[in-house]
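Chemist: Below are the structure tokens for one structure; questions will follow.
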Amino acid sequence: MGLTEKLLADVAVRSTARTRVEFEGASIDFAGPYQRVHVWNTLAERVGRSLPHPRELEGDAARQALLAIVREHDIPMQPPYSSARLVDKLVGHFLEPACQQPTFLTHQPIVMSPLARELRDADGRCTGLAERFELVVAGREVVNAYSELSDPEEQRARFGTQARQREEGDREAASGEDERFCAALEYGLPPTAGWGLGVDRLCMILSRSHNLRDVIPFPL
């Protein structure tokens, strides 16, 4: 996260000669440090009630509890109502719009991150949360990063869950088990992490554009 702060601050200075940018009526400052938000704890605070434990989110009771919150707050959503989609809707409604200044979202439930390593607590116990962070600026996700899962059996199980969700109508879920990938994991994977930047969204903010088509060289 520290590297991300330094990188984006430097990009802002090289692009606009300063770290502060006016965008959609807000003054956005890319100079760090950025605020850090614990997704699951903060979501419970915003909702005003306790949430299911992250490791129980695939259960029917947890899905029904999340769906009740979505309906209570009149959040538009079409089926299927998978746990991952429900949590994503809640985060998009309660957390992301409030992130006008650069904000790191951390501790997302593992159901939202099928390729990420699971975070463990100080005693080595699984938490149901992912080793992942997202950077949100002006209510838009700009960076997504996580530690790669290296356990082949766990990865197979997650691919299986994704396949079932896709059969139930979730077109955003993975299409199915990638056995070649899982077989490669059995040979061993060194500690690996991924970091992705939405260059188009960052350019849109830095150039104070209001449409991605304005910053894409060859828009469709």
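Naming works like this for the structure tokens: A, B, ... for the chains as they're shown, residue 1 at the start of each chain, ligands 1 onward in shown order.
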Please provide as a list of chain:residue names all residues within 8 Å of Phe104 in chain A, with the sequence filter that same-chain residues fewer than 6 positions apart are discarded (counting only C-alpha atoms).
Modeler: A:Met1, A:Tyr34, A:Gln35, A:Arg36, A:Val37, A:Phe133, A:Glu134, A:Leu135, A:Val136
Chemist: Output as a count of residues only all residues of range 18-153 of chain A that backbone DSSP marks as strand (DSSP E).
Modeler: 38
Chemist: Wanna dump the range 24-131 of chain A-range 151-174 of chain A contacts at 12 Å for me, each residue with its shortest atom pair and the distance in Å to one decimal, counting only C-alpha atoms, ordered by chain and number, as a Markdown table?
Modeler:
| residue | atom | partner | partner_atom | distance |
| --- | --- | --- | --- | --- |
| A:Glu58 | CA | A:Thr161 | CA | 9.1 |
| A:Gly59 | CA | A:Thr161 | CA | 11.9 |
| A:Gln78 | CA | A:Asp170 | CA | 10.2 |
| A:Pro79 | CA | A:Gly169 | CA | 7.7 |
| A:Pro80 | CA | A:Gly169 | CA | 5.9 |
| A:Tyr81 | CA | A:Asp170 | CA | 8.3 |
| A:Ser82 | CA | A:Gln165 | CA | 6.9 |
| A:Ser83 | CA | A:Gln165 | CA | 9.6 |
| A:Ala84 | CA | A:Ala173 | CA | 9.1 |
| A:Arg85 | CA | A:Asp170 | CA | 8.4 |
| A:Leu86 | CA | A:Asp170 | CA | 11.5 |
| A:Asp88 | CA | A:Glu172 | CA | 11.6 |
| A:Ile110 | CA | A:Arg158 | CA | 9.7 |
| A:Val111 | CA | A:Arg158 | CA | 8.6 |
| A:Met112 | CA | A:Ala173 | CA | 9.8 |
| A:Ser113 | CA | A:Arg158 | CA | 9.4 |
| A:Pro114 | CA | A:Arg158 | CA | 6.0 |
| A:Leu115 | CA | A:Gln155 | CA | 7.2 |
| A:Ala116 | CA | A:Gln155 | CA | 9.2 |
| A:Arg117 | CA | A:Asp151 | CA | 8.6 |
| A:Glu118 | CA | A:Glu154 | CA | 10.1 |
Chemist: Generate the output file for the selected residues, N, CA, C and O atoms, as a short mmCIF file (atom, residue, chain, number, x, y, z; two decimals), in the first residue's frame.
Modeler:
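Output file again.cif is given in full below:
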data_model
loop_
_atom_site.label_atom_id
_atom_site.label_comp_id
_atom_site.auth_asym_id
_atom_site.auth_seq_id
_atom_site.Cartn_x
_atom_site.Cartn_y
_atom_site.Cartn_z
N GLU A 58 -21.14 -18.68 2.78
CA GLU A 58 -21.68 -19.54 1.74
C GLU A 58 -22.94 -20.28 2.20
O GLU A 58 -23.64 -20.89 1.39
N GLY A 59 -23.26 -20.20 3.48
CA GLY A 59 -24.45 -20.88 4.00
C GLY A 59 -25.73 -20.14 3.65
O GLY A 59 -25.74 -18.93 3.42
N GLN A 78 -30.74 -7.79 -9.01
CA GLN A 78 -31.44 -8.88 -9.67
C GLN A 78 -30.79 -10.20 -9.28
O GLN A 78 -29.60 -10.25 -8.97
N PRO A 79 -31.56 -11.30 -9.27
CA PRO A 79 -30.94 -12.61 -8.96
C PRO A 79 -29.93 -12.98 -10.03
O PRO A 79 -29.96 -12.42 -11.13
N PRO A 80 -29.01 -13.90 -9.70
CA PRO A 80 -28.99 -14.74 -8.51
C PRO A 80 -28.41 -14.00 -7.31
O PRO A 80 -27.63 -13.05 -7.46
N TYR A 81 -28.76 -14.48 -6.12
CA TYR A 81 -28.33 -13.83 -4.90
C TYR A 81 -27.21 -14.63 -4.23
O TYR A 81 -27.39 -15.17 -3.15
N SER A 82 -26.08 -14.70 -4.88
CA SER A 82 -24.92 -15.37 -4.28
C SER A 82 -24.33 -14.46 -3.21
O SER A 82 -24.52 -13.23 -3.23
N SER A 83 -23.61 -15.06 -2.29
CA SER A 83 -23.01 -14.27 -1.20
C SER A 83 -22.05 -13.22 -1.74
O SER A 83 -22.02 -12.08 -1.28
N ALA A 84 -21.26 -13.60 -2.75
CA ALA A 84 -20.29 -12.66 -3.32
C ALA A 84 -20.99 -11.45 -3.92
O ALA A 84 -20.58 -10.30 -3.71
N ARG A 85 -22.08 -11.67 -4.66
CA ARG A 85 -22.80 -10.56 -5.28
C ARG A 85 -23.49 -9.70 -4.22
O ARG A 85 -23.56 -8.47 -4.34
N LEU A 86 -24.04 -10.33 -3.18
CA LEU A 86 -24.71 -9.59 -2.12
C LEU A 86 -23.72 -8.68 -1.39
O LEU A 86 -24.00 -7.50 -1.14
N ASP A 88 -20.88 -7.59 -2.53
CA ASP A 88 -20.44 -6.56 -3.47
C ASP A 88 -21.45 -5.42 -3.56
O ASP A 88 -21.08 -4.25 -3.61
N ILE A 110 -13.50 -13.62 1.84
CA ILE A 110 -12.82 -14.46 0.87
C ILE A 110 -13.75 -14.86 -0.27
O ILE A 110 -13.29 -15.18 -1.37
N VAL A 111 -15.07 -14.83 -0.06
CA VAL A 111 -16.01 -15.20 -1.12
C VAL A 111 -15.93 -14.23 -2.29
O VAL A 111 -16.35 -14.55 -3.40
N MET A 112 -15.38 -13.03 -2.06
CA MET A 112 -15.24 -12.04 -3.12
C MET A 112 -13.90 -12.16 -3.83
O MET A 112 -13.66 -11.45 -4.81
N SER A 113 -13.04 -13.04 -3.33
CA SER A 113 -11.67 -13.11 -3.85
C SER A 113 -11.24 -14.56 -4.03
O SER A 113 -10.44 -15.08 -3.25
N PRO A 114 -11.76 -15.24 -5.06
CA PRO A 114 -11.50 -16.68 -5.21
C PRO A 114 -10.05 -17.05 -5.49
O PRO A 114 -9.68 -18.21 -5.34
N LEU A 115 -9.21 -16.09 -5.87
CA LEU A 115 -7.81 -16.40 -6.15
C LEU A 115 -6.87 -15.90 -5.06
O LEU A 115 -5.65 -16.07 -5.17
N ALA A 116 -7.41 -15.30 -4.00
CA ALA A 116 -6.57 -14.67 -2.98
C ALA A 116 -6.32 -15.59 -1.79
O ALA A 116 -7.15 -16.42 -1.43
N ARG A 117 -5.17 -15.40 -1.18
CA ARG A 117 -4.82 -16.14 0.04
C ARG A 117 -5.71 -15.67 1.19
O ARG A 117 -6.07 -14.48 1.28
N GLU A 118 -6.07 -16.58 2.08
CA GLU A 118 -6.90 -16.22 3.22
C GLU A 118 -6.06 -15.62 4.34
O GLU A 118 -4.98 -16.13 4.67
#
Chemist: Hey, what's within 12 Å of Leu105 in chain A if we count only C-alpha atoms and toss same-chain stuff fewer than 4 positions away? As a short mmCIF file (atom, residue, chain, number, x, y, z; two decimals) with N, CA and C atoms, in the first residue's frame, please?
Modeler:
data_model
loop_
_atom_site.label_atom_id
_atom_site.label_comp_id
_atom_site.auth_asym_id
_atom_site.auth_seq_id
_atom_site.Cartn_x
_atom_site.Cartn_y
_atom_site.Cartn_z
N MET A 1 0.83 -1.20 0.00
CA MET A 1 0.00 0.00 0.00
C MET A 1 0.86 1.26 0.00
N TYR A 34 -2.99 7.39 2.75
CA TYR A 34 -4.41 7.27 2.47
C TYR A 34 -5.13 6.60 3.63
N GLN A 35 -6.38 6.92 3.76
CA GLN A 35 -7.21 6.29 4.79
C GLN A 35 -7.33 4.79 4.51
N ARG A 36 -7.39 3.99 5.56
CA ARG A 36 -7.57 2.54 5.44
C ARG A 36 -8.88 2.15 6.12
N VAL A 37 -9.70 1.39 5.41
CA VAL A 37 -11.02 1.01 5.90
C VAL A 37 -11.13 -0.52 5.94
N HIS A 38 -11.44 -1.06 7.11
CA HIS A 38 -11.67 -2.49 7.29
C HIS A 38 -13.08 -2.77 6.76
N VAL A 39 -13.18 -3.44 5.62
CA VAL A 39 -14.46 -3.60 4.93
C VAL A 39 -15.52 -4.24 5.82
N TRP A 40 -15.21 -5.39 6.42
CA TRP A 40 -16.26 -6.14 7.12
C TRP A 40 -16.71 -5.43 8.39
N ASN A 41 -15.77 -4.89 9.16
CA ASN A 41 -16.15 -4.18 10.38
C ASN A 41 -16.91 -2.89 10.07
N THR A 42 -16.42 -2.15 9.08
CA THR A 42 -17.06 -0.88 8.75
C THR A 42 -18.43 -1.10 8.13
N LEU A 43 -18.57 -2.16 7.35
CA LEU A 43 -19.87 -2.46 6.77
C LEU A 43 -20.90 -2.75 7.86
N VAL A 91 -21.15 -3.33 -0.31
CA VAL A 91 -19.94 -2.49 -0.33
C VAL A 91 -20.13 -1.32 -1.29
N GLY A 92 -20.71 -1.61 -2.46
CA GLY A 92 -20.94 -0.55 -3.44
C GLY A 92 -21.94 0.49 -2.96
N LEU A 95 -20.05 1.72 1.25
CA LEU A 95 -18.65 2.10 1.45
C LEU A 95 -18.06 2.90 0.30
N GLU A 96 -18.14 2.40 -0.91
CA GLU A 96 -17.43 3.03 -2.02
C GLU A 96 -17.85 4.47 -2.29
N ALA A 98 -18.62 6.73 -0.31
CA ALA A 98 -18.04 7.62 0.71
C ALA A 98 -16.55 7.81 0.53
N CYS A 99 -15.94 7.05 -0.36
CA CYS A 99 -14.49 7.12 -0.58
C CYS A 99 -14.18 8.11 -1.69
N PRO A 109 -14.27 -10.18 2.46
CA PRO A 109 -14.55 -11.61 2.64
C PRO A 109 -13.93 -12.43 1.51
N ALA A 130 -9.74 -11.94 3.10
CA ALA A 130 -8.68 -12.10 2.11
C ALA A 130 -7.50 -11.19 2.38
N GLU A 131 -6.31 -11.66 1.98
CA GLU A 131 -5.12 -10.80 1.97
C GLU A 131 -5.20 -9.94 0.71
N ARG A 132 -5.95 -8.86 0.80
CA ARG A 132 -6.28 -8.08 -0.39
C ARG A 132 -6.52 -6.62 0.00
N PHE A 133 -6.25 -5.73 -0.94
CA PHE A 133 -6.69 -4.35 -0.76
C PHE A 133 -7.14 -3.79 -2.10
N GLU A 134 -8.09 -2.88 -2.03
CA GLU A 134 -8.53 -2.12 -3.19
C GLU A 134 -8.34 -0.63 -2.87
N LEU A 135 -7.97 0.13 -3.86
CA LEU A 135 -7.89 1.58 -3.69
C LEU A 135 -9.07 2.19 -4.44
N VAL A 136 -9.88 2.95 -3.70
CA VAL A 136 -11.04 3.61 -4.28
C VAL A 136 -10.82 5.11 -4.24
N VAL A 137 -11.04 5.76 -5.37
CA VAL A 137 -10.89 7.21 -5.49
C VAL A 137 -12.13 7.76 -6.18
N GLY A 139 -15.10 7.38 -5.45
CA GLY A 139 -16.11 6.34 -5.52
C GLY A 139 -15.85 5.28 -6.55
N ARG A 140 -14.66 5.27 -7.16
CA ARG A 140 -14.32 4.32 -8.22
C ARG A 140 -13.11 3.48 -7.82
N GLU A 141 -13.18 2.18 -8.09
CA GLU A 141 -12.03 1.32 -7.82
C GLU A 141 -10.93 1.63 -8.83
N VAL A 142 -9.74 1.94 -8.33
CA VAL A 142 -8.61 2.29 -9.18
C VAL A 142 -7.53 1.21 -9.12
N VAL A 143 -7.34 0.59 -7.96
CA VAL A 143 -6.31 -0.44 -7.80
C VAL A 143 -6.92 -1.65 -7.10
N ASN A 144 -6.52 -2.84 -7.53
CA ASN A 144 -6.90 -4.09 -6.86
C ASN A 144 -5.63 -4.93 -6.71
N ALA A 145 -5.37 -5.41 -5.49
CA ALA A 145 -4.15 -6.18 -5.25
C ALA A 145 -4.42 -7.25 -4.19
N TYR A 146 -3.74 -8.40 -4.32
CA TYR A 146 -3.93 -9.45 -3.33
C TYR A 146 -2.77 -10.45 -3.39
#
Chemist: May I have all residues of chain A that DSSP, computed from the backbone, assigns to helix (DSSP H, G or I), given as a CSV table (one decimal) with N, CA and C atoms, in the first residue's frame?
Modeler:
chain,number,residue,atom,x,y,z
A,2,GLY,N,2.0,1.2,0.7
A,2,GLY,CA,2.9,2.3,0.7
A,2,GLY,C,3.4,2.6,-0.7
A,3,LEU,N,3.8,1.6,-1.4
A,3,LEU,CA,4.3,1.7,-2.8
A,3,LEU,C,3.2,2.4,-3.7
A,4,THR,N,1.9,1.9,-3.5
A,4,THR,CA,0.8,2.5,-4.2
A,4,THR,C,0.7,4.0,-4.0
A,5,GLU,N,0.8,4.4,-2.7
A,5,GLU,CA,0.7,5.8,-2.4
A,5,GLU,C,1.8,6.6,-3.1
A,6,LYS,N,3.0,6.1,-3.0
A,6,LYS,CA,4.1,6.9,-3.6
A,6,LYS,C,3.9,6.9,-5.1
A,7,LEU,N,3.5,5.8,-5.7
A,7,LEU,CA,3.4,5.8,-7.2
A,7,LEU,C,2.3,6.8,-7.7
A,8,LEU,N,1.1,6.7,-7.1
A,8,LEU,CA,0.0,7.6,-7.5
A,8,LEU,C,0.3,9.1,-7.3
A,9,ALA,N,1.0,9.4,-6.1
A,9,ALA,CA,1.4,10.7,-5.8
A,9,ALA,C,2.3,11.2,-6.9
A,10,ASP,N,3.3,10.4,-7.3
A,10,ASP,CA,4.3,10.8,-8.3
A,10,ASP,C,3.6,11.0,-9.7
A,11,VAL,N,2.7,10.1,-10.0
A,11,VAL,CA,2.0,10.2,-11.3
A,11,VAL,C,1.2,11.5,-11.3
A,12,ALA,N,0.5,11.8,-10.2
A,12,ALA,CA,-0.3,13.1,-10.2
A,12,ALA,C,0.6,14.3,-10.4
A,13,VAL,N,1.8,14.3,-9.7
A,13,VAL,CA,2.7,15.4,-9.8
A,13,VAL,C,3.2,15.6,-11.3
A,14,ARG,N,3.6,14.4,-11.8
A,14,ARG,CA,4.2,14.5,-13.2
A,14,ARG,C,3.1,14.8,-14.2
A,15,SER,N,1.8,14.5,-13.9
A,15,SER,CA,0.8,14.8,-14.9
A,15,SER,C,0.2,16.2,-14.7
A,16,THR,N,0.1,16.7,-13.5
A,16,THR,CA,-0.6,17.9,-13.2
A,16,THR,C,0.2,18.9,-12.5
A,39,VAL,N,-13.2,-3.4,5.6
A,39,VAL,CA,-14.5,-3.6,4.9
A,39,VAL,C,-15.5,-4.2,5.8
A,40,TRP,N,-15.2,-5.4,6.4
A,40,TRP,CA,-16.3,-6.1,7.1
A,40,TRP,C,-16.7,-5.4,8.4
A,41,ASN,N,-15.8,-4.9,9.2
A,41,ASN,CA,-16.2,-4.2,10.4
A,41,ASN,C,-16.9,-2.9,10.1
A,42,THR,N,-16.4,-2.1,9.1
A,42,THR,CA,-17.1,-0.9,8.7
A,42,THR,C,-18.4,-1.1,8.1
A,43,LEU,N,-18.6,-2.2,7.4
A,43,LEU,CA,-19.9,-2.5,6.8
A,43,LEU,C,-20.9,-2.8,7.9
A,44,ALA,N,-20.5,-3.5,8.9
A,44,ALA,CA,-21.4,-3.8,10.0
A,44,ALA,C,-21.8,-2.5,10.7
A,45,GLU,N,-20.9,-1.5,10.8
A,45,GLU,CA,-21.2,-0.3,11.5
A,45,GLU,C,-22.2,0.5,10.6
A,46,ARG,N,-22.0,0.6,9.3
A,46,ARG,CA,-22.9,1.3,8.4
A,46,ARG,C,-24.2,0.7,8.4
A,47,VAL,N,-24.3,-0.6,8.4
A,47,VAL,CA,-25.6,-1.3,8.3
A,47,VAL,C,-26.3,-1.2,9.7
A,54,PRO,N,-17.4,-14.1,8.3
A,54,PRO,CA,-17.0,-14.3,6.9
A,54,PRO,C,-16.8,-15.7,6.5
A,55,ARG,N,-16.5,-16.6,7.4
A,55,ARG,CA,-16.3,-18.0,7.0
A,55,ARG,C,-17.6,-18.8,6.8
A,56,GLU,N,-18.8,-18.1,7.2
A,56,GLU,CA,-20.1,-18.7,7.1
A,56,GLU,C,-20.9,-18.2,5.9
A,60,ASP,N,-26.9,-20.9,3.6
A,60,ASP,CA,-28.1,-20.3,3.3
A,60,ASP,C,-28.6,-19.2,4.3
A,61,ALA,N,-28.3,-19.4,5.6
A,61,ALA,CA,-28.7,-18.5,6.6
A,61,ALA,C,-28.0,-17.1,6.4
A,62,ALA,N,-26.7,-17.2,6.0
A,62,ALA,CA,-25.9,-16.0,5.8
A,62,ALA,C,-26.4,-15.3,4.6
A,63,ARG,N,-26.7,-16.0,3.5
A,63,ARG,CA,-27.2,-15.4,2.3
A,63,ARG,C,-28.6,-14.7,2.5
A,64,GLN,N,-29.4,-15.3,3.3
A,64,GLN,CA,-30.7,-14.7,3.6
A,64,GLN,C,-30.6,-13.5,4.5
A,65,ALA,N,-29.6,-13.5,5.4
A,65,ALA,CA,-29.4,-12.3,6.2
A,65,ALA,C,-28.9,-11.1,5.4
A,66,LEU,N,-28.0,-11.4,4.4
A,66,LEU,CA,-27.5,-10.4,3.6
A,66,LEU,C,-28.5,-9.9,2.6
A,67,LEU,N,-29.3,-10.8,2.1
A,67,LEU,CA,-30.4,-10.4,1.2
A,67,LEU,C,-31.4,-9.5,1.9
A,68,ALA,N,-31.7,-9.8,3.2
A,68,ALA,CA,-32.6,-9.0,3.9
A,68,ALA,C,-32.1,-7.6,4.1
A,69,ILE,N,-30.8,-7.4,4.3
A,69,ILE,CA,-30.2,-6.0,4.4
A,69,ILE,C,-30.4,-5.3,3.0
A,70,VAL,N,-30.1,-6.0,2.0
A,70,VAL,CA,-30.2,-5.4,0.6
A,70,VAL,C,-31.6,-4.9,0.4
A,71,ARG,N,-32.6,-5.7,0.7
A,71,ARG,CA,-34.0,-5.3,0.5
A,71,ARG,C,-34.4,-4.2,1.5
A,72,GLU,N,-33.9,-4.3,2.7
A,72,GLU,CA,-34.3,-3.3,3.7
A,72,GLU,C,-33.9,-1.9,3.2
A,83,SER,N,-23.6,-15.1,-2.3
A,83,SER,CA,-23.0,-14.3,-1.2
A,83,SER,C,-22.1,-13.2,-1.7
A,84,ALA,N,-21.3,-13.6,-2.8
A,84,ALA,CA,-20.3,-12.7,-3.3
A,84,ALA,C,-21.0,-11.4,-3.9
A,85,ARG,N,-22.1,-11.7,-4.7
A,85,ARG,CA,-22.8,-10.6,-5.3
A,85,ARG,C,-23.5,-9.7,-4.2
A,86,LEU,N,-24.0,-10.3,-3.2
A,86,LEU,CA,-24.7,-9.6,-2.1
A,86,LEU,C,-23.7,-8.7,-1.4
A,87,VAL,N,-22.6,-9.2,-1.0
A,87,VAL,CA,-21.6,-8.4,-0.4
A,87,VAL,C,-21.1,-7.3,-1.3
A,88,ASP,N,-20.9,-7.6,-2.5
A,88,ASP,CA,-20.4,-6.6,-3.5
A,88,ASP,C,-21.5,-5.4,-3.6
A,89,LYS,N,-22.7,-5.8,-3.6
A,89,LYS,CA,-23.8,-4.7,-3.6
A,89,LYS,C,-23.7,-3.9,-2.3
A,90,LEU,N,-23.5,-4.5,-1.2
A,90,LEU,CA,-23.5,-3.7,0.1
A,90,LEU,C,-22.3,-2.8,0.1
A,91,VAL,N,-21.2,-3.3,-0.3
A,91,VAL,CA,-19.9,-2.5,-0.3
A,91,VAL,C,-20.1,-1.3,-1.3
A,92,GLY,N,-20.7,-1.6,-2.5
A,92,GLY,CA,-20.9,-0.5,-3.4
A,92,GLY,C,-21.9,0.5,-3.0
A,93,HIS,N,-22.8,0.1,-2.1
A,93,HIS,CA,-23.8,1.0,-1.6
A,93,HIS,C,-23.4,1.8,-0.3
A,94,PHE,N,-22.7,1.1,0.6
A,94,PHE,CA,-22.4,1.7,1.9
A,94,PHE,C,-21.0,2.3,2.0
A,96,GLU,N,-18.1,2.4,-0.9
A,96,GLU,CA,-17.4,3.0,-2.0
A,96,GLU,C,-17.9,4.5,-2.3
A,97,PRO,N,-19.1,4.8,-2.3
A,97,PRO,CA,-19.5,6.2,-2.5
A,97,PRO,C,-18.9,7.2,-1.5
A,98,ALA,N,-18.6,6.7,-0.3
A,98,ALA,CA,-18.0,7.6,0.7
A,98,ALA,C,-16.5,7.8,0.5
A,110,ILE,N,-13.5,-13.6,1.8
A,110,ILE,CA,-12.8,-14.5,0.9
A,110,ILE,C,-13.8,-14.9,-0.3
A,111,VAL,N,-15.1,-14.8,-0.1
A,111,VAL,CA,-16.0,-15.2,-1.1
A,111,VAL,C,-15.9,-14.2,-2.3
A,112,MET,N,-15.4,-13.0,-2.1
A,112,MET,CA,-15.2,-12.0,-3.1
A,112,MET,C,-13.9,-12.2,-3.8
A,152,PRO,N,-3.4,-25.9,-3.8
A,152,PRO,CA,-4.1,-26.5,-4.9
A,152,PRO,C,-5.5,-27.0,-4.5
A,153,GLU,N,-5.6,-27.7,-3.4
A,153,GLU,CA,-6.9,-28.2,-3.0
A,153,GLU,C,-7.9,-27.1,-2.6
A,154,GLU,N,-7.4,-26.1,-2.0
A,154,GLU,CA,-8.3,-25.0,-1.7
A,154,GLU,C,-8.7,-24.3,-2.9
A,155,GLN,N,-7.8,-24.2,-3.9
A,155,GLN,CA,-8.1,-23.5,-5.1
A,155,GLN,C,-9.2,-24.3,-5.9
A,156,ARG,N,-9.1,-25.7,-5.9
A,156,ARG,CA,-10.0,-26.5,-6.6
A,156,ARG,C,-11.4,-26.3,-5.9
A,157,ALA,N,-11.4,-26.2,-4.6
A,157,ALA,CA,-12.7,-26.1,-3.9
A,157,ALA,C,-13.4,-24.7,-4.3
A,158,ARG,N,-12.6,-23.7,-4.4
A,158,ARG,CA,-13.1,-22.4,-4.7
A,158,ARG,C,-13.6,-22.4,-6.2
A,159,PHE,N,-12.8,-23.0,-7.1
A,159,PHE,CA,-13.3,-23.1,-8.5
A,159,PHE,C,-14.6,-23.8,-8.5
A,160,GLY,N,-14.8,-24.9,-7.7
A,160,GLY,CA,-16.0,-25.6,-7.7
A,160,GLY,C,-17.2,-24.7,-7.3
A,161,THR,N,-16.9,-23.9,-6.2
A,161,THR,CA,-18.0,-23.0,-5.8
A,161,THR,C,-18.4,-22.0,-6.9
A,162,GLN,N,-17.3,-21.5,-7.5
A,162,GLN,CA,-17.6,-20.5,-8.6
A,162,GLN,C,-18.4,-21.2,-9.7
A,163,ALA,N,-18.1,-22.4,-10.1
A,163,ALA,CA,-18.8,-23.1,-11.1
A,163,ALA,C,-20.3,-23.3,-10.8
A,164,ARG,N,-20.5,-23.7,-9.5
A,164,ARG,CA,-21.9,-23.8,-9.0
A,164,ARG,C,-22.7,-22.5,-9.1
A,165,GLN,N,-22.0,-21.4,-8.7
A,165,GLN,CA,-22.6,-20.1,-8.8
A,165,GLN,C,-22.9,-19.7,-10.2
A,166,ARG,N,-22.1,-20.1,-11.2
A,166,ARG,CA,-22.3,-19.8,-12.6
A,166,ARG,C,-23.5,-20.6,-13.1
A,167,GLU,N,-23.6,-21.8,-12.7
A,167,GLU,CA,-24.7,-22.6,-13.1
A,167,GLU,C,-26.1,-22.1,-12.6
A,179,GLU,N,-8.1,-27.0,-14.2
A,179,GLU,CA,-7.3,-28.1,-13.6
A,179,GLU,C,-5.9,-27.9,-14.0
A,180,ARG,N,-5.5,-27.3,-15.1
A,180,ARG,CA,-4.1,-27.1,-15.4
A,180,ARG,C,-3.5,-26.1,-14.4
A,181,PHE,N,-4.3,-25.1,-14.1
A,181,PHE,CA,-3.8,-24.2,-13.1
A,181,PHE,C,-3.5,-24.9,-11.7
A,182,CYS,N,-4.5,-25.7,-11.3
A,182,CYS,CA,-4.4,-26.4,-10.0
A,182,CYS,C,-3.3,-27.4,-10.0
A,183,ALA,N,-3.1,-28.0,-11.2
A,183,ALA,CA,-2.0,-29.0,-11.3
A,183,ALA,C,-0.6,-28.3,-11.2
A,184,ALA,N,-0.5,-27.1,-11.8
A,184,ALA,CA,0.7,-26.3,-11.7
A,184,ALA,C,1.0,-25.9,-10.2
A,185,LEU,N,-0.1,-25.6,-9.4
A,185,LEU,CA,0.1,-25.3,-8.0
A,185,LEU,C,0.6,-26.4,-7.2
A,186,GLU,N,0.3,-27.7,-7.7
A,186,GLU,CA,0.8,-28.8,-7.0
A,186,GLU,C,2.3,-28.9,-7.1
A,187,TYR,N,2.9,-28.4,-8.1
A,187,TYR,CA,4.4,-28.4,-8.2
A,187,TYR,C,5.0,-27.3,-7.3
A,199,VAL,N,-5.8,2.1,-15.4
A,199,VAL,CA,-5.2,3.3,-16.0
A,199,VAL,C,-6.2,4.2,-16.5
A,200,ASP,N,-7.2,3.7,-17.2
A,200,ASP,CA,-8.2,4.6,-17.8
A,200,ASP,C,-9.0,5.4,-16.7
A,201,ARG,N,-9.3,4.8,-15.6
A,201,ARG,CA,-10.0,5.5,-14.5
A,201,ARG,C,-9.1,6.6,-13.9
A,202,LEU,N,-7.8,6.2,-13.7
A,202,LEU,CA,-6.9,7.2,-13.1
A,202,LEU,C,-6.7,8.4,-14.1
A,203,CYS,N,-6.6,8.1,-15.4
A,203,CYS,CA,-6.4,9.1,-16.4
A,203,CYS,C,-7.7,10.0,-16.4
A,204,MET,N,-8.8,9.4,-16.2
A,204,MET,CA,-10.1,10.2,-16.2
A,204,MET,C,-10.1,11.2,-15.1
A,205,ILE,N,-9.6,10.7,-13.9
A,205,ILE,CA,-9.6,11.6,-12.7
A,205,ILE,C,-8.6,12.7,-12.9
A,206,LEU,N,-7.4,12.3,-13.3
A,206,LEU,CA,-6.3,13.3,-13.4
A,206,LEU,C,-6.6,14.3,-14.5
A,212,LEU,N,-15.1,7.7,-19.6
A,212,LEU,CA,-14.0,6.9,-20.0
A,212,LEU,C,-13.6,7.0,-21.5
A,213,ARG,N,-14.6,7.2,-22.3
A,213,ARG,CA,-14.4,7.3,-23.7
A,213,ARG,C,-13.4,8.5,-24.0
A,214,ASP,N,-13.4,9.5,-23.2
A,214,ASP,CA,-12.6,10.6,-23.4
A,214,ASP,C,-11.1,10.4,-23.2
Chemist: Residues within 12 Å of Asp121 in chain A, please, as JSON, numbers by chain. Count only C-alpha atoms; anything in the same chain fewer than 5 positions from it doesn't count.
Modeler: {"A": [107, 126, 127, 128, 129, 130, 131]}
Chemist: Do you have the CA of Leu197 in chain A-CA of Asp178 in chain A distance handy?
Modeler: 24.9 Å
Chemist: For His73 in chain A, which residue out of A:Gln108, A:Leu119, A:Leu57, A:Gly48 is the nearest one, using only C-alpha atoms?
Modeler: A:Gly48
Chemist: From the list A:Ser50, A:Ser147, A:Ser27, A:Thr106, which residue is nearest Pro190 in chain A when using only C-alpha atoms?
Modeler: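 Closest residue, counting only C-alpha atoms: A:Ser147.
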Chemist: So the first atom is CA of Ser150 in chain A and the second is CA of Leu189 in chain A; what is the distance between them in Å, to one decimal place?
Modeler: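 Between these atoms lies a distance of 5.8 Å.
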Chemist: Provide the CA of Pro217 in chain A to CA of Gly32 in chain A distance in Å, to one decimal place.
Modeler: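 So the two atoms, CA of Pro217 in chain A and CA of Gly32 in chain A, lie 29.8 Å apart.
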Chemist: Looking at only C-alpha atoms, which of A:His210, A:His53, A:Thr19, A:Val215 is the one that sits closest to Gly198 in chain A?
Modeler: A:Val215
